[in-house]
file my_file18.cif (mmCIF, C-alpha atoms)
data_entry
loop_
_atom_site.label_atom_id
_atom_site.label_comp_id
_atom_site.auth_asym_id
_atom_site.auth_seq_id
_atom_site.Cartn_x
_atom_site.Cartn_y
_atom_site.Cartn_z
CA MET E 25 -14.79 23.67 -13.75
CA ALA E 26 -13.09 20.65 -15.29
CA ASP E 27 -13.35 22.00 -18.83
CA SER E 28 -11.02 24.91 -18.09
CA ARG E 29 -8.26 22.55 -16.89
CA PHE E 30 -8.12 20.27 -19.93
CA SER E 31 -7.07 20.96 -23.50
CA HIS E 32 -10.45 19.63 -24.70
CA THR E 33 -13.81 20.20 -23.04
CA ILE E 34 -16.34 17.42 -22.50
CA ASP E 35 -18.32 18.89 -25.41
CA ASP E 36 -15.17 18.72 -27.56
CA LEU E 37 -14.75 15.06 -26.67
CA LYS E 38 -18.38 14.34 -27.48
CA HIS E 39 -17.92 16.02 -30.86
CA ILE E 40 -14.92 13.76 -31.57
CA ILE E 41 -16.98 10.69 -30.67
CA ARG E 42 -19.89 11.78 -32.88
CA ASP E 43 -17.51 12.34 -35.80
CA ALA E 44 -15.96 8.89 -35.33
CA LEU E 45 -19.34 7.18 -35.14
CA ASP E 46 -20.66 9.06 -38.19
CA GLN E 47 -17.59 8.16 -40.23
CA ALA E 48 -17.84 4.50 -39.28
CA LYS E 49 -21.49 4.37 -40.28
CA ALA E 50 -20.70 6.15 -43.56
CA ALA E 51 -18.11 3.46 -44.26
CA GLY E 52 -20.78 0.79 -43.97
CA ALA E 53 -20.33 -0.37 -40.39
CA SER E 54 -23.47 -1.90 -38.90
CA ASP E 55 -22.45 -0.74 -35.42
CA CYS E 56 -19.62 1.17 -33.80
CA GLU E 57 -18.37 2.46 -30.46
CA ALA E 58 -15.62 4.83 -29.42
CA GLU E 59 -13.99 6.25 -26.33
CA VAL E 60 -11.82 9.34 -26.04
CA SER E 61 -9.90 10.36 -22.93
CA GLN E 62 -7.36 12.83 -21.65
CA ALA E 63 -5.40 13.00 -18.42
CA PHE E 64 -2.62 14.88 -16.73
CA GLY E 65 -0.79 14.65 -13.45
CA GLN E 66 2.20 15.51 -11.33
CA ASP E 67 4.38 13.28 -9.12
CA VAL E 68 7.01 14.80 -6.85
CA SER E 69 9.34 12.58 -4.82
CA VAL E 70 12.11 13.34 -2.36
CA ARG E 71 14.80 11.14 -0.86
CA HIS E 72 16.88 12.11 2.17
CA GLY E 73 15.21 15.50 2.07
CA GLU E 74 16.35 16.28 -1.46
CA VAL E 75 14.20 16.39 -4.57
CA GLU E 76 14.65 13.15 -6.49
CA THR E 77 12.06 13.42 -9.27
CA ILE E 78 9.50 15.88 -10.55
CA GLU E 79 7.35 14.16 -13.15
CA TYR E 80 4.56 15.59 -15.26
CA ASN E 81 2.41 13.44 -17.49
CA ARG E 82 -0.17 14.37 -20.06
CA ASP E 83 -1.96 11.68 -22.03
CA ARG E 84 -4.83 11.48 -24.44
CA GLY E 85 -6.24 8.83 -26.69
CA LEU E 86 -9.06 7.66 -28.92
CA SER E 87 -10.12 4.05 -29.42
CA VAL E 88 -12.63 3.00 -32.08
CA SER E 89 -14.35 -0.35 -32.58
CA VAL E 90 -16.47 -1.03 -35.65
CA TYR E 91 -18.69 -3.99 -36.47
CA PHE E 92 -19.70 -5.38 -39.82
CA GLY E 93 -22.30 -7.79 -38.60
CA LYS E 94 -20.32 -10.02 -36.27
CA LYS E 95 -16.91 -8.99 -37.59
CA LEU E 96 -14.97 -6.61 -35.34
CA GLY E 97 -12.17 -4.18 -36.07
CA HIS E 98 -10.39 -2.01 -33.53
CA ALA E 99 -7.90 0.84 -33.82
CA SER E 100 -6.58 3.58 -31.56
CA THR E 101 -4.54 6.79 -31.65
CA SER E 102 -3.11 9.42 -29.31
CA ASP E 103 -3.76 12.15 -31.89
CA LEU E 104 -7.20 13.80 -31.62
CA SER E 105 -6.98 15.92 -34.76
CA PRO E 106 -9.80 15.50 -37.32
CA GLN E 107 -7.47 13.76 -39.78
CA ALA E 108 -6.22 11.35 -37.11
CA VAL E 109 -9.80 10.51 -36.14
CA LYS E 110 -10.60 9.82 -39.79
CA ASP E 111 -7.51 7.64 -40.22
CA THR E 112 -8.26 5.67 -37.05
CA VAL E 113 -11.82 4.92 -38.14
CA ALA E 114 -10.54 3.85 -41.57
CA ALA E 115 -8.01 1.51 -39.93
CA ALA E 116 -10.71 -0.07 -37.75
CA VAL E 117 -12.97 -0.51 -40.78
CA SER E 118 -10.17 -2.16 -42.76
CA ILE E 119 -9.39 -4.56 -39.93
CA ALA E 120 -13.05 -5.49 -39.48
CA ARG E 121 -13.41 -6.39 -43.14
CA HIS E 122 -10.56 -8.88 -42.88
CA THR E 123 -11.36 -10.56 -39.57
CA ALA E 124 -13.36 -13.72 -38.93
CA SER E 125 -16.93 -13.49 -37.76
CA ASP E 126 -17.60 -14.00 -34.04
CA ASP E 127 -21.20 -14.76 -33.09
CA PHE E 128 -20.74 -13.24 -29.65
CA ALA E 129 -19.28 -9.91 -30.78
CA GLY E 130 -21.33 -6.73 -30.66
CA LEU E 131 -22.37 -3.75 -28.61
CA ALA E 132 -24.04 -4.05 -25.24
CA ASP E 133 -27.75 -4.86 -25.20
CA PRO E 134 -29.60 -1.51 -25.65
CA GLU E 135 -31.96 -2.13 -22.73
CA LEU E 136 -28.98 -2.38 -20.35
CA LEU E 137 -27.45 1.00 -21.23
CA ALA E 138 -27.46 3.71 -18.57
CA LYS E 139 -30.38 6.08 -19.02
CA GLU E 140 -29.43 8.43 -16.20
CA ILE E 141 -25.91 9.52 -15.29
CA PRO E 142 -25.76 10.49 -11.59
CA ASP E 143 -23.03 12.83 -10.38
CA LEU E 144 -20.88 10.70 -8.08
CA ASP E 145 -18.64 13.57 -6.93
CA LEU E 146 -15.49 12.03 -8.42
CA TYR E 147 -13.70 15.20 -9.49
CA HIS E 148 -11.74 17.24 -6.94
CA PRO E 149 -8.82 19.02 -8.61
CA TRP E 150 -5.87 19.94 -6.43
CA ASP E 151 -3.77 22.93 -7.40
CA LEU E 152 -0.64 21.45 -5.87
CA ALA E 153 2.32 23.68 -6.61
CA VAL E 154 5.64 21.90 -7.01
CA GLU E 155 7.07 23.74 -4.00
CA GLU E 156 4.15 22.62 -1.84
CA ALA E 157 4.46 19.04 -3.10
CA ILE E 158 8.17 19.03 -2.23
CA GLU E 159 7.40 20.30 1.28
CA LEU E 160 4.69 17.67 1.80
CA ALA E 161 6.97 14.87 0.63
CA GLN E 162 9.74 16.13 2.91
CA ARG E 163 7.36 16.16 5.86
CA ILE E 164 6.26 12.61 5.07
CA GLU E 165 9.82 11.34 4.88
CA SER E 166 10.98 13.25 7.98
CA ALA E 167 8.13 11.78 10.02
CA ALA E 168 9.12 8.26 8.89
CA LEU E 169 12.82 8.70 9.68
CA ALA E 170 12.03 10.14 13.11
CA VAL E 171 10.16 7.04 14.28
CA ASP E 172 13.21 4.96 15.23
CA PRO E 173 17.00 5.50 15.12
CA ARG E 174 17.36 2.15 13.39
CA ILE E 175 15.63 3.62 10.33
CA THR E 176 18.72 4.76 8.49
CA ASN E 177 17.74 4.87 4.85
CA SER E 178 14.85 5.90 2.64
CA GLU E 179 13.41 4.81 -0.67
CA GLY E 180 11.65 8.14 -0.84
CA ALA E 181 8.34 9.87 -0.23
CA THR E 182 5.93 11.07 -2.90
CA ALA E 183 3.06 13.54 -3.24
CA SER E 184 0.93 13.06 -6.37
CA THR E 185 -2.10 14.57 -8.06
CA HIS E 186 -3.87 13.31 -11.19
CA GLU E 187 -6.92 14.38 -13.19
CA SER E 188 -8.69 12.76 -16.13
CA GLN E 189 -11.87 12.91 -18.15
CA PHE E 190 -13.40 10.75 -20.87
CA VAL E 191 -16.43 10.25 -23.09
CA TYR E 192 -17.79 6.96 -24.39
CA GLY E 193 -20.37 6.67 -27.15
CA ASN E 194 -21.90 4.08 -29.44
CA SER E 195 -24.23 3.84 -32.42
CA GLN E 196 -27.16 2.92 -30.18
CA GLY E 197 -27.36 6.53 -29.03
CA PHE E 198 -25.33 6.32 -25.84
CA LEU E 199 -22.97 9.29 -25.28
CA ALA E 200 -21.68 10.23 -21.82
CA GLY E 201 -18.56 10.87 -19.82
CA TYR E 202 -17.22 12.66 -16.77
CA PRO E 203 -14.04 13.94 -15.10
CA ALA E 204 -12.29 12.27 -12.16
CA SER E 205 -9.33 12.91 -9.89
CA ARG E 206 -7.00 10.93 -7.64
CA GLN E 207 -4.51 12.22 -5.07
CA ALA E 208 -1.89 10.25 -3.14
CA PHE E 209 0.88 10.31 -0.52
CA SER E 210 3.38 7.47 -0.13
CA CYS E 211 6.59 6.63 1.71
CA SER E 212 9.03 3.71 2.01
CA VAL E 213 11.94 3.52 4.44
CA ILE E 214 14.61 1.01 5.52
CA ALA E 215 15.73 -0.04 8.98
CA GLU E 216 19.07 -1.72 9.62
CA THR E 217 20.52 -3.73 12.52
CA GLY E 218 23.23 -6.32 12.90
CA SER E 219 20.80 -8.99 11.71
CA GLY E 220 20.07 -7.27 8.41
CA MET E 221 17.80 -4.73 6.77
CA GLN E 222 14.02 -4.44 6.67
CA ARG E 223 11.77 -2.17 4.63
CA ASP E 224 8.11 -1.31 4.66
CA TYR E 225 5.87 1.42 3.36
CA TRP E 226 2.56 3.18 3.68
CA TYR E 227 0.38 5.20 1.35
CA SER E 228 -2.92 7.03 1.24
CA THR E 229 -5.06 7.73 -1.81
CA ALA E 230 -8.39 9.50 -2.33
CA ARG E 231 -10.41 11.44 -4.86
CA ALA E 232 -10.01 14.65 -2.86
CA ALA E 233 -6.91 15.97 -1.10
CA ASP E 234 -8.84 16.68 2.10
CA GLU E 235 -9.60 12.96 2.43
CA LEU E 236 -5.94 11.90 2.41
CA GLU E 237 -4.29 10.91 5.65
CA ARG E 238 -2.14 13.71 7.05
CA ALA E 239 1.33 13.81 5.48
CA GLU E 240 3.02 13.22 8.84
CA ASP E 241 0.69 10.30 9.62
CA VAL E 242 1.59 8.57 6.34
CA GLY E 243 5.28 8.92 7.18
CA ARG E 244 4.83 7.84 10.78
CA ARG E 245 2.96 4.70 9.76
CA ALA E 246 5.63 3.84 7.18
CA GLY E 247 8.28 4.24 9.88
CA GLU E 248 6.38 2.23 12.47
CA ARG E 249 5.70 -0.59 10.05
CA THR E 250 9.39 -0.73 9.11
CA ALA E 251 10.72 -0.58 12.67
CA ARG E 252 8.47 -3.39 13.89
CA ARG E 253 9.98 -5.78 11.31
CA VAL E 254 13.54 -5.47 12.65
CA ASP E 255 15.24 -8.72 13.75
CA ALA E 256 12.74 -10.94 11.93
CA ARG E 257 13.23 -14.70 12.13
CA LYS E 258 11.83 -17.89 10.65
CA VAL E 259 9.29 -20.19 12.24
CA LYS E 260 9.04 -23.96 12.12
CA THR E 261 6.71 -25.50 9.56
CA CYS E 262 3.21 -25.84 10.99
CA ASP E 263 -0.52 -25.71 10.27
CA VAL E 264 -2.02 -22.70 12.04
CA PRO E 265 -4.65 -19.96 11.65
CA VAL E 266 -3.54 -17.04 9.50
CA ILE E 267 -4.64 -13.41 9.45
CA PHE E 268 -4.19 -11.46 6.24
CA GLU E 269 -3.72 -7.82 7.26
CA ALA E 270 -6.20 -5.41 5.66
CA PRO E 271 -3.83 -3.83 3.09
CA ILE E 272 -3.19 -7.24 1.51
CA ALA E 273 -6.46 -9.00 2.38
CA SER E 274 -8.19 -7.37 -0.58
CA GLY E 275 -5.96 -9.58 -2.75
CA LEU E 276 -8.06 -12.57 -1.65
CA MET E 277 -11.12 -10.74 -2.97
CA GLY E 278 -9.20 -10.17 -6.18
CA HIS E 279 -8.64 -13.92 -6.61
CA PHE E 280 -12.38 -14.47 -6.19
CA VAL E 281 -13.26 -11.74 -8.70
CA SER E 282 -10.87 -13.21 -11.24
CA ALA E 283 -12.31 -16.69 -10.76
CA VAL E 284 -15.93 -15.57 -11.33
CA SER E 285 -15.20 -13.11 -14.14
CA GLY E 286 -16.48 -13.86 -17.61
CA GLY E 287 -13.19 -14.59 -19.35
CA SER E 288 -12.13 -17.20 -16.78
CA LEU E 289 -15.56 -18.80 -16.79
CA TYR E 290 -16.13 -19.20 -20.52
CA ARG E 291 -12.55 -20.37 -21.04
CA ARG E 292 -13.11 -22.96 -18.28
CA SER E 293 -9.93 -21.73 -16.58
CA SER E 294 -11.38 -21.11 -13.12
CA PHE E 295 -11.52 -23.09 -9.89
CA LEU E 296 -15.03 -21.66 -9.34
CA LEU E 297 -16.82 -22.91 -12.46
CA ASP E 298 -20.59 -23.16 -12.11
CA SER E 299 -20.42 -21.55 -8.67
CA LEU E 300 -23.50 -19.33 -9.08
CA GLY E 301 -25.89 -20.19 -6.26
CA GLN E 302 -23.27 -22.33 -4.55
CA PRO E 303 -21.77 -21.89 -1.04
CA VAL E 304 -18.20 -20.87 -1.81
CA PHE E 305 -17.39 -18.90 1.34
CA SER E 306 -17.97 -19.28 5.05
CA PRO E 307 -21.62 -18.44 5.88
CA LEU E 308 -20.49 -15.25 7.64
CA VAL E 309 -19.23 -13.72 4.38
CA GLN E 310 -21.31 -10.92 2.82
CA MET E 311 -19.89 -9.20 -0.27
CA ARG E 312 -21.65 -6.33 -2.03
CA GLU E 313 -20.84 -4.21 -5.07
CA ARG E 314 -21.68 -0.52 -4.59
CA PRO E 315 -20.76 1.41 -7.76
CA HIS E 316 -22.50 4.66 -6.82
CA LEU E 317 -20.63 5.57 -3.63
CA LEU E 318 -19.90 9.29 -3.62
CA ARG E 319 -16.16 9.89 -4.12
CA GLY E 320 -15.60 6.13 -4.35
CA LEU E 321 -12.26 5.13 -5.85
CA ALA E 322 -14.00 2.69 -8.20
CA SER E 323 -17.38 4.39 -8.52
CA SER E 324 -18.94 4.70 -11.95
CA PRO E 325 -22.49 5.22 -13.24
CA PHE E 326 -21.79 2.91 -16.21
CA ASP E 327 -19.16 0.42 -17.31
CA ASN E 328 -16.81 0.49 -20.31
CA GLU E 329 -19.68 -0.42 -22.64
CA GLY E 330 -22.20 2.09 -21.28
CA VAL E 331 -24.09 -0.56 -19.29
CA ALA E 332 -25.67 0.91 -16.16
CA THR E 333 -24.04 -0.12 -12.91
CA ARG E 334 -26.12 -0.99 -9.85
CA ASP E 335 -25.83 -2.03 -6.25
CA ARG E 336 -25.99 -5.81 -5.90
CA ASP E 337 -25.16 -8.68 -3.59
CA VAL E 338 -22.26 -10.69 -4.98
CA VAL E 339 -21.98 -13.07 -2.03
CA LYS E 340 -24.72 -13.51 0.57
CA ASP E 341 -24.29 -15.80 3.58
CA GLY E 342 -21.33 -17.34 1.77
CA VAL E 343 -23.34 -18.15 -1.38
CA VAL E 344 -22.34 -16.66 -4.75
CA GLN E 345 -25.13 -14.43 -6.07
CA GLY E 346 -23.53 -13.08 -9.22
CA TYR E 347 -20.59 -13.12 -11.61
CA PHE E 348 -18.62 -10.23 -13.15
CA LEU E 349 -19.57 -10.05 -16.82
CA GLY E 350 -19.22 -7.75 -19.78
CA SER E 351 -21.37 -8.18 -22.88
CA TYR E 352 -19.09 -10.57 -24.75
CA SER E 353 -18.49 -12.96 -21.87
CA ALA E 354 -22.17 -12.81 -20.89
CA ARG E 355 -23.21 -13.93 -24.37
CA LYS E 356 -20.63 -16.73 -24.30
CA LEU E 357 -22.20 -17.94 -21.06
CA GLY E 358 -25.82 -17.41 -22.15
CA MET E 359 -26.28 -14.67 -19.57
CA LYS E 360 -26.67 -10.87 -19.35
CA SER E 361 -23.95 -8.31 -18.70
CA THR E 362 -23.61 -7.37 -15.04
CA GLY E 363 -22.13 -3.95 -15.86
CA ASN E 364 -18.58 -5.08 -15.18
CA ALA E 365 -16.86 -4.51 -18.52
CA GLY E 366 -13.61 -3.05 -17.23
CA GLY E 367 -13.76 -4.50 -13.71
CA CYS E 368 -15.65 -4.33 -10.44
CA HIS E 369 -16.94 -1.17 -8.80
CA ASN E 370 -16.38 -0.77 -5.04
CA LEU E 371 -16.65 -4.41 -4.02
CA ILE E 372 -17.06 -4.37 -0.24
CA LEU E 373 -16.59 -7.30 2.13
CA GLU E 374 -18.77 -6.66 5.17
CA SER E 375 -16.85 -6.37 8.44
CA GLY E 376 -17.62 -8.20 11.63
CA ASP E 377 -17.31 -6.58 15.07
CA LEU E 378 -13.60 -7.16 15.80
CA ASP E 379 -10.70 -4.82 15.15
CA LEU E 380 -7.22 -6.20 14.42
CA PRO E 381 -6.32 -6.69 18.12
CA GLY E 382 -9.65 -8.49 18.50
CA LEU E 383 -8.83 -10.76 15.57
CA LEU E 384 -5.45 -11.57 17.12
CA LYS E 385 -7.14 -12.58 20.36
CA LYS E 386 -9.68 -14.70 18.47
CA MET E 387 -6.85 -16.41 16.58
CA GLY E 388 -4.83 -17.14 19.72
CA THR E 389 -1.71 -18.68 18.17
CA GLY E 390 -0.86 -18.28 14.51
CA LEU E 391 0.54 -15.98 11.87
CA LEU E 392 -0.29 -12.36 11.00
CA VAL E 393 0.72 -11.81 7.36
CA THR E 394 1.64 -8.26 6.38
CA GLU E 395 3.49 -8.85 3.12
CA LEU E 396 3.14 -11.34 0.28
CA LEU E 397 5.78 -12.23 -2.29
CA GLY E 398 5.53 -14.00 -5.64
CA HIS E 399 2.50 -15.12 -7.60
CA GLY E 400 1.99 -18.77 -6.70
CA ILE E 401 -1.72 -19.08 -7.48
CA ASN E 402 -3.13 -21.69 -9.85
CA PRO E 403 -6.36 -20.15 -11.25
CA VAL E 404 -7.63 -23.53 -12.46
CA THR E 405 -7.21 -25.54 -9.25
CA GLY E 406 -7.16 -22.75 -6.65
CA ASP E 407 -3.86 -23.97 -5.21
CA TYR E 408 -2.22 -21.12 -3.30
CA SER E 409 1.43 -20.81 -2.29
CA ARG E 410 3.20 -17.51 -1.71
CA GLY E 411 6.21 -16.17 0.09
CA ALA E 412 5.26 -14.11 3.11
CA ALA E 413 6.44 -11.98 6.00
CA GLY E 414 4.63 -10.84 9.11
CA PHE E 415 4.42 -11.63 12.82
CA TRP E 416 4.13 -14.71 15.00
CA VAL E 417 1.26 -14.50 17.45
CA GLU E 418 0.76 -16.39 20.72
CA ASN E 419 -2.06 -16.00 23.23
CA GLY E 420 -3.50 -13.24 21.04
CA GLU E 421 -0.37 -11.08 21.25
CA ILE E 422 2.34 -10.39 18.67
CA GLN E 423 5.59 -12.07 19.78
CA TYR E 424 8.14 -11.30 17.05
CA PRO E 425 8.46 -10.54 13.31
CA VAL E 426 8.95 -13.42 10.86
CA GLU E 427 10.32 -13.61 7.33
CA GLU E 428 11.43 -16.10 4.67
CA ILE E 429 8.35 -18.27 5.05
CA THR E 430 5.73 -19.63 2.65
CA ILE E 431 2.02 -19.87 3.29
CA ALA E 432 0.07 -22.51 1.35
CA GLY E 433 -3.44 -23.83 0.96
CA ASN E 434 -6.24 -23.94 -1.58
CA LEU E 435 -8.45 -20.92 -2.19
CA LYS E 436 -11.60 -23.04 -1.95
CA ASP E 437 -10.60 -24.15 1.55
CA MET E 438 -9.38 -20.66 2.45
CA PHE E 439 -12.68 -19.04 1.43
CA ARG E 440 -14.72 -21.61 3.35
CA GLY E 441 -12.35 -21.21 6.30
CA ILE E 442 -12.84 -17.47 6.79
CA ALA E 443 -13.55 -17.17 10.52
CA ALA E 444 -13.79 -13.38 10.85
CA VAL E 445 -13.41 -10.11 8.95
CA GLY E 446 -11.98 -7.13 10.82
CA THR E 447 -13.21 -3.57 11.09
CA ASP E 448 -9.79 -2.14 10.12
CA VAL E 449 -10.79 -1.36 6.53
CA GLU E 450 -8.29 0.37 4.22
CA VAL E 451 -9.96 2.08 1.25
CA ARG E 452 -7.41 2.06 -1.54
CA GLY E 453 -9.08 0.75 -4.67
CA SER E 454 -11.92 -1.26 -6.16
CA LYS E 455 -11.97 -3.87 -3.37
CA GLN E 456 -12.43 -2.97 0.29
CA CYS E 457 -12.15 -5.13 3.38
CA GLY E 458 -10.67 -5.37 6.83
CA SER E 459 -8.15 -7.99 7.94
CA ILE E 460 -9.28 -11.57 7.24
CA LEU E 461 -8.81 -14.49 9.67
CA ILE E 462 -8.56 -17.92 8.03
CA GLU E 463 -8.94 -20.99 10.23
CA LYS E 464 -5.92 -22.93 8.98
CA MET E 465 -3.11 -22.78 6.44
CA THR E 466 0.27 -24.43 6.12
CA VAL E 467 3.16 -22.18 7.11
CA ALA E 468 6.44 -23.52 5.71
CA GLY E 469 9.57 -22.31 7.47
CA GLU E 470 12.45 -24.15 9.07
#

call {"tool": "encode", "arguments": {"input": "my_file18.cif", "output": "C-alpha cells"}}
result
Amino acid sequence: MADSRFSHTIDDLKHIIRDALDQAKAAGASDCEAEVSQAFGQDVSVRHGEVETIEYNRDRGLSVSVYFGKKLGHASTSDLSPQAVKDTVAAAVSIARHTASDDFAGLADPELLAKEIPDLDLYHPWDLAVEEAIELAQRIESAALAVDPRITNSEGATASTHESQFVYGNSQGFLAGYPASRQAFSCSVIAETGSGMQRDYWYSTARAADELERAEDVGRRAGERTARRVDARKVKTCDVPVIFEAPIASGLMGHFVSAVSGGSLYRRSSFLLDSLGQPVFSPLVQMRERPHLLRGLASSPFDNEGVATRDRDVVKDGVVQGYFLGSYSARKLGMKSTGNAGGCHNLILESGDLDLPGLLKKMGTGLLVTELLGHGINPVTGDYSRGAAGFWVENGEIQYPVEEITIAGNLKDMFRGIAAVGTDVEVRGSKQCGSILIEKMTVAGE
C-alpha cells in the first residue's frame, strides 16, 4: 500500500542502496553503508476561524558513508538520480582518503545486526483532504475559545499528517526498511484579564488518525489549561516538594538519557559517569525500553546502524542497568552497542498507583509545575535551574496559578528524591511517563 503513495517504492530504494554500496566497493572501500529516505506531509492551520497556512512538504535524501580501513568519509544528496548517487559515493570516497584514521570507526558488529524485521504496524496513511483538515482545525479552535469568555485570542489550531519510508543497507549484507506515519492535532490560545495575558496549549499525536484525541477534546483541553492560568502570581522563595506534570516530566527522563548516552560518557561530560550498576534513582523507579510496541511513536526493529533492538531494563529498583550506545561510542567505552544509534525506543517509566489528584494529596503543600522555561542544566555537574510556571498546592488541593518563578536543584538529588510516578501518562514521543513527584526542590520567587 505504501509503495503507491511514494515516488519510489521500497524496492526502488533498495536498488539505490545496492548501487551505492557496489560503487563504493568498486572504488576500493573496505566497508560502506547508506540510507535513503523519502517523506511527504501536509499541515493546515487556522486562526480565528480563517485559514492561516496550508503547507505541503516533500523531502528525500541519500547519505553514504565509506570506510578505507579506519578512515571514514561521508556525503549526502537530495537527488536520487543514478548520476547523483554516483557523485555522492565519489565525494564520500574522496573525503575518506583525506581524513585521519580513527580506531573506533566502522560498521556495527555483524553479530548484532537484526536478522528478523517484525512488522510493528507503524504505517497508517490518512487521506486528509485540505477541506477536511480546515474543518478539523476550526473545530479544535472553536472548542478552545468556547471554554471561557476570558479566552480572547488564538495562536491557531493545526491538523497535520505525515508519511515517510526509508531503507538502510551496509556491506555486511544488511538491507531493510519500512514506511511510517504520524498524525497530529494541536491548539494554542490566549486568555486576558486586567492582570495580564496567559497562554497554554494542547496537542495529540499518533501513528494512526483513529488514535488521536477527538478534535474538540484537544481544543477543550487547550482552553481549560489556558483559563486556569489566569491571574497567576509569584510565591515566596521556599524549599518544597515539586510535581512535574506528565507533559513535561518526560524531560527529566531526557536528561537521564543524555547523561548515560555514549557521547556524553566517552567525552567525560556527564554527571552520571560510571553509573552502570549504581543506584541513581529512588528504589521505586523502574525504567524499561520497549522498541517493539505496535504503533509505538519510537518503535523500530533496528537502529540507525541496523543493530537489532530489544526489550531491556534500563533502570531497575533505582539501579542503572544499561547505557544508550551506538557502535562508535560502545567501542570507545570498551562495550557493545545497545541498539541506540539514533536515540532511545519507547523508554517507559513505570507508573505507581496514584493519578494526578492522588499525587497532589501525597505532596500536601508544594508546587505543581506545568511549564518550564530556559535551559539551565549543567550536563557535567547535574545542576538544574529553570524558569517555571504552574500552581501552588496546599493540603493536596490547587490554590492558585503561579508564574515568574525558578525551580532549582541537582539532577542527582532530584532522581534520588522521586517519591511517586503518576498514572496520568501522555504518549507523545520516545519517552513516556506520568507526572513525577520530587521530595524537595528550591522554588525561587519573591

call {"tool": "resolve_selection", "arguments": {"input": "my_file18.cif", "expression": "the PyMOL selection byres ((chain E and resi 195-200) around 7)", "output": "MDAnalysis selection string"}}
result
chainID E and resid 45 55:57 134 191:194 201 330

call {"tool": "resolve_selection", "arguments": {"input": "my_file18.cif", "expression": "the PyMOL selection byres ((chain E and resi 132) around 10)", "output": "PyMOL selection string"}}
result
chain E and resi 129-131+133-137+194+196+328-331+350-352+354-355+360-361+363+365

call {"tool": "write_last_selection", "arguments": {"input": "my_file18.cif", "atoms": "C-alpha atoms", "output": "tab-separated table (two decimals), keeping the file's coordinate frame"}}
result
chain	number	residue	atom	x	y	z
E	129	ALA	CA	-19.28	-9.91	-30.78
E	130	GLY	CA	-21.33	-6.73	-30.66
E	131	LEU	CA	-22.37	-3.75	-28.61
E	133	ASP	CA	-27.75	-4.86	-25.20
E	134	PRO	CA	-29.60	-1.51	-25.65
E	135	GLU	CA	-31.96	-2.13	-22.73
E	136	LEU	CA	-28.98	-2.38	-20.35
E	137	LEU	CA	-27.45	1.00	-21.23
E	194	ASN	CA	-21.90	4.08	-29.44
E	196	GLN	CA	-27.16	2.92	-30.18
E	328	ASN	CA	-16.81	0.49	-20.31
E	329	GLU	CA	-19.68	-0.42	-22.64
E	330	GLY	CA	-22.20	2.09	-21.28
E	331	VAL	CA	-24.09	-0.56	-19.29
E	350	GLY	CA	-19.22	-7.75	-19.78
E	351	SER	CA	-21.37	-8.18	-22.88
E	352	TYR	CA	-19.09	-10.57	-24.75
E	354	ALA	CA	-22.17	-12.81	-20.89
E	355	ARG	CA	-23.21	-13.93	-24.37
E	360	LYS	CA	-26.67	-10.87	-19.35
E	361	SER	CA	-23.95	-8.31	-18.70
E	363	GLY	CA	-22.13	-3.95	-15.86
E	365	ALA	CA	-16.86	-4.51	-18.52

call {"tool": "atom_distance", "arguments": {"input": "my_file18.cif", "atom1": "atom CA of Arg252 of chain E", "atom2": "atom CA of Met221 of chain E"}}
result
11.8 Å

call {"tool": "atom_distance", "arguments": {"input": "my_file18.cif", "atom1": "atom CA of Ile119 of chain E", "atom2": "atom CA of His98 of chain E"}}
result
7.0 Å

call {"tool": "closest_atom_pairs", "arguments": {"input": "my_file18.cif", "of": "segment 278-308 of chain E", "to": "segment 390-411 of chain E", "cutoff": "6 Å", "atoms": "all atoms listed in the file", "output": "CSV"}}
result
residue,atom,partner,partner_atom,distance
E:Ser293,CA,E:Val404,CA,5.1
E:Ser294,CA,E:Val404,CA,4.5
E:Phe295,CA,E:Val404,CA,4.7

call {"tool": "residues_around", "arguments": {"input": "my_file18.cif", "residues": "segment 27-38 of chain E", "least_positions_apart": "2", "cutoff": "10 Å", "atoms": "only C-alpha atoms", "output": "PyMOL selection string"}}
result
chain E and resi 25+40-44+59-64+82+84+86+104+149+187-193+199-203

call {"tool": "resolve_selection", "arguments": {"input": "my_file18.cif", "expression": "the PyMOL selection byres ((chain E and resi 102) around 6)", "output": "VMD selection string"}}
result
chain E and resid 84 to 85 101 103

call {"tool": "residues_around", "arguments": {"input": "my_file18.cif", "residues": "His369 of chain E", "least_positions_apart": "5", "cutoff": "9 Å", "atoms": "only C-alpha atoms", "output": "VMD selection string"}}
result
chain E and resid 313 to 316 320 to 324 327 333 364 454 to 455

call {"tool": "closest_residue", "arguments": {"input": "my_file18.cif", "among": "E:Ala332, E:Ala413, E:Ile422, E:Ala468", "to": "Pro142 of chain E", "atoms": "only C-alpha atoms"}}
result
E:Ala332

call {"tool": "atom_distance", "arguments": {"input": "my_file18.cif", "atom1": "atom CA of Asp448 of chain E", "atom2": "atom CA of Gly382 of chain E"}}
result
10.5 Å

call {"tool": "closest_residue", "arguments": {"input": "my_file18.cif", "among": "E:Lys94, E:Lys110, E:Lys436, E:His72", "to": "Gly342 of chain E", "atoms": "all atoms listed in the file"}}
result
E:Lys436

call {"tool": "closest_residue", "arguments": {"input": "my_file18.cif", "among": "E:Arg312, E:His39, E:His186, E:Arg223", "to": "Glu374 of chain E", "atoms": "all atoms listed in the file"}}
result
E:Arg312

call {"tool": "build_atoms", "arguments": {"input": "my_file18.cif", "residues": "segment 269-273 of chain E", "atoms": "N, CA and C atoms", "output": "mmCIF file, in the coordinates of the input"}}
result
data_model
loop_
_atom_site.group_PDB
_atom_site.id
_atom_site.type_symbol
_atom_site.label_atom_id
_atom_site.label_comp_id
_atom_site.auth_asym_id
_atom_site.auth_seq_id
_atom_site.Cartn_x
_atom_site.Cartn_y
_atom_site.Cartn_z
ATOM 1 N N GLU E 269 -3.499 -9.206 6.867
ATOM 2 C CA GLU E 269 -3.720 -7.820 7.260
ATOM 3 C C GLU E 269 -4.489 -7.076 6.174
ATOM 4 N N ALA E 270 -5.291 -6.097 6.577
ATOM 5 C CA ALA E 270 -6.200 -5.410 5.660
ATOM 6 C C ALA E 270 -5.565 -4.950 4.345
ATOM 7 N N PRO E 271 -4.375 -4.315 4.363
ATOM 8 C CA PRO E 271 -3.830 -3.830 3.090
ATOM 9 C C PRO E 271 -3.583 -4.911 2.045
ATOM 10 N N ILE E 272 -3.407 -6.167 2.473
ATOM 11 C CA ILE E 272 -3.190 -7.240 1.510
ATOM 12 C C ILE E 272 -4.385 -8.195 1.424
ATOM 13 N N ALA E 273 -5.313 -8.084 2.371
ATOM 14 C CA ALA E 273 -6.460 -9.000 2.380
ATOM 15 C C ALA E 273 -7.339 -8.815 1.154
#
